[in-house]
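K.L.:
First, the structure itself, so that you have it in front of you.
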Amino acid sequence: MTVAVREPSRFVPPTEGVRVVRTGYPINTDYVIIAVSDDALATVSSHLADIVAGCDVVVAHTSGTVPLEALDGRLSRRGVFYPLLSFTGEGDDFRKAPLLLEGEDEDTLRRLQSLADTLGTKWCVADSEKRGKVHLAAVFANNFVCRMQSLAKELCDRGGVDYELLKPLIVTAAEKMTREGVDPHDCQTGPAARGDLSTIERHRSLLGQMPETLAVYDIVTESIMNEKNKK
């Protein structure tokens, strides 16, 4: 298997037997995976179509929100190869990422499934509508959680408290929520879940000099209380 990337020195192959080459050189291949920003996808796809149009090569993008049809229509086999994992370049393991696959025809989809199997990753089939919904859920599950931790660290820093003290709490919560069959709702604790209004007001007073963080606190607190009331 050959993988073409812009900076080979920064790419760690997900499995053995993968040859890494620099982009910009013509290569004979069965697959081309476009892993660029969403904004650059149309330009890269159009440029690629000038090179491989009419060839029996599967061209897939890795976006969670861009539809398959965004790939240039001159490409004969278009698909999506979306890894549901955030890659930061440090400690990333592609094999842990479930892949959401889509092909514009059955044979293209079958070939993408074969590639996923070769890489040793789990996969499922998801069209553009389903993939968009999963991507939105991932924003809540990952991006928003990271933002919350950033705010928590800021509060620790302002209070002269070591953020490391929170890490056992963070890890324990993640372990509970990721157990098989566990509903995250059942893991919810804290003053909002208990309806402890006096504690909530004390928290709000502590955030008096941080209006943006107070707004986040109020919205999330109200959401937790409303959800608990539904139950």
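How things are named: the first chain in the structure tokens is A, the next is B, and so on; residues count from 1 in each chain; ligands count from 1 in the order shown.
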Identify, on the basis of only C-alpha atoms, every residue whose closest approach to range 189-198 of chain A does not exceed 9 Å; exclude the query and any residue fewer than 4 positions from it along the same chain; express the result as a short mmCIF file (atom, residue, chain, number, x, y, z; two decimals) with N, CA, C and O atoms, in the first residue's frame.
P.N.:
```
data_model
loop_
_atom_site.label_atom_id
_atom_site.label_comp_id
_atom_site.auth_asym_id
_atom_site.auth_seq_id
_atom_site.Cartn_x
_atom_site.Cartn_y
_atom_site.Cartn_z
N ARG A 202 -23.96 30.35 44.84
CA ARG A 202 -22.59 30.62 45.28
C ARG A 202 -21.62 30.54 44.10
O ARG A 202 -20.71 31.36 43.97
N HIS A 203 -21.82 29.55 43.25
CA HIS A 203 -20.99 29.44 42.06
C HIS A 203 -21.14 30.68 41.18
O HIS A 203 -20.16 31.23 40.68
N VAL A 220 -25.60 25.68 30.75
CA VAL A 220 -25.42 24.24 31.01
C VAL A 220 -26.18 23.82 32.26
O VAL A 220 -26.79 22.75 32.28
N THR A 221 -26.15 24.66 33.28
CA THR A 221 -26.89 24.35 34.51
C THR A 221 -28.38 24.21 34.23
O THR A 221 -29.03 23.26 34.69
N GLU A 222 -28.92 25.15 33.47
CA GLU A 222 -30.35 25.09 33.13
C GLU A 222 -30.67 23.84 32.33
O GLU A 222 -31.70 23.19 32.54
N SER A 223 -29.77 23.48 31.39
CA SER A 223 -29.98 22.29 30.57
C SER A 223 -30.01 21.03 31.43
O SER A 223 -30.86 20.16 31.25
N ILE A 224 -29.10 20.93 32.40
CA ILE A 224 -29.07 19.76 33.29
C ILE A 224 -30.33 19.69 34.15
O ILE A 224 -30.94 18.62 34.28
N MET A 225 -30.74 20.81 34.68
CA MET A 225 -31.93 20.84 35.53
C MET A 225 -33.17 20.49 34.74
O MET A 225 -34.04 19.73 35.21
N GLU A 227 -33.32 18.65 32.05
CA GLU A 227 -33.27 17.24 31.70
C GLU A 227 -33.63 16.35 32.89
O GLU A 227 -34.35 15.35 32.75
N LYS A 228 -33.13 16.72 34.06
CA LYS A 228 -33.47 15.97 35.26
C LYS A 228 -34.95 16.04 35.56
O LYS A 228 -35.58 15.07 36.00
#
```
K.L.:
Just list the residues in range 16-227 of chain A DSSP gives helix (DSSP H, G or I) on the backbone, as a PyMOL selection string.
P.N.:
chain A and resi 38-52+68-70+94-96+106-119+128-159+163-177+184-187+191-194+197-206+211-227
K.L.:
When DSSP works through the backbone of this structure, what residues of chain A end up as strand (DSSP E), shown as a VMD selection string?
P.N.:
chain A and resid 2 to 5 19 to 22 31 to 34 58 to 61 77 to 83 99 to 103 123 to 125
K.L.:
What is the CA of Gly159 in chain A-CA of Leu214 in chain A distance in Å, reported with one decimal?
P.N.:
15.9 Å
K.L.:
Can you work out the spacing between CA of Leu112 in chain A and CA of Lys96 in chain A in Å, to one decimal?
P.N.:
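It comes out at 17.3 Å.
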K.L.:
Pick the closest to Cys124 in chain A from A:Gly160, A:Pro83, A:Gly73, A:Gly208: which is it, counting only C-alpha atoms?
P.N.:
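Ranked by minimum distance to Cys124 in chain A, first place goes to A:Pro83.
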K.L.:
I'd like the contact shell of Val32 in chain A - 8 Å cut-off, only C-alpha atoms, skipping same-chain residues fewer than 6 positions apart - returned as a list in words.
P.N.:
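The residues satisfying every condition are Val57, Val58, Val59 and Ala60 of chain A.
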K.L.:
Just all heavy atoms for this one: save the residues we selected as a short mmCIF file (atom, residue, chain, number, x, y, z; two decimals), in the first residue's frame.
P.N.:
```cif
data_model
loop_
_atom_site.label_atom_id
_atom_site.label_comp_id
_atom_site.auth_asym_id
_atom_site.auth_seq_id
_atom_site.Cartn_x
_atom_site.Cartn_y
_atom_site.Cartn_z
N VAL A 57 -9.89 4.49 -10.10
CA VAL A 57 -9.30 4.72 -8.79
C VAL A 57 -10.37 5.29 -7.86
O VAL A 57 -11.17 6.14 -8.26
CB VAL A 57 -8.10 5.69 -8.87
CG1 VAL A 57 -8.48 6.99 -9.56
CG2 VAL A 57 -7.52 5.97 -7.50
N VAL A 58 -10.42 4.79 -6.64
CA VAL A 58 -11.36 5.29 -5.64
C VAL A 58 -10.79 6.56 -5.03
O VAL A 58 -9.67 6.55 -4.51
CB VAL A 58 -11.61 4.26 -4.54
CG1 VAL A 58 -12.51 4.85 -3.44
CG2 VAL A 58 -12.25 3.00 -5.11
N VAL A 59 -11.54 7.65 -5.12
CA VAL A 59 -11.14 8.92 -4.51
C VAL A 59 -12.13 9.24 -3.40
O VAL A 59 -13.33 9.38 -3.66
CB VAL A 59 -11.11 10.06 -5.54
CG1 VAL A 59 -10.74 11.38 -4.86
CG2 VAL A 59 -10.13 9.74 -6.66
N ALA A 60 -11.64 9.34 -2.18
CA ALA A 60 -12.52 9.58 -1.02
C ALA A 60 -11.99 10.73 -0.19
O ALA A 60 -10.78 10.91 -0.07
CB ALA A 60 -12.62 8.32 -0.17
#
```
K.L.:
Counting only C-alpha atoms, figure out which residue out of A:Ser86, A:Ser128, A:Asn142, A:Gln209 gets nearest to Leu68 in chain A.
P.N.:
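Residue with the minimum atom-to-atom distance to Leu68 in chain A: A:Ser128.
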K.L.:
So which one's closest to Val66 in chain A, A:Ile170, A:Val125, A:Ala42, A:Ala53? Using only C-alpha atoms, please.
P.N.:
A:Ala42
K.L.:
Quote the spacing between CA of Val36 in chain A and CA of Ser63 in chain A in Å to one decimal place.
P.N.:
8.4 Å
K.L.:
For Asp39 in chain A, which residue among A:Ile51, A:Leu136, A:Ala70, A:Val216 is the nearest when counting only C-alpha atoms?
P.N.:
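Nearest to Asp39 in chain A: A:Ala70.
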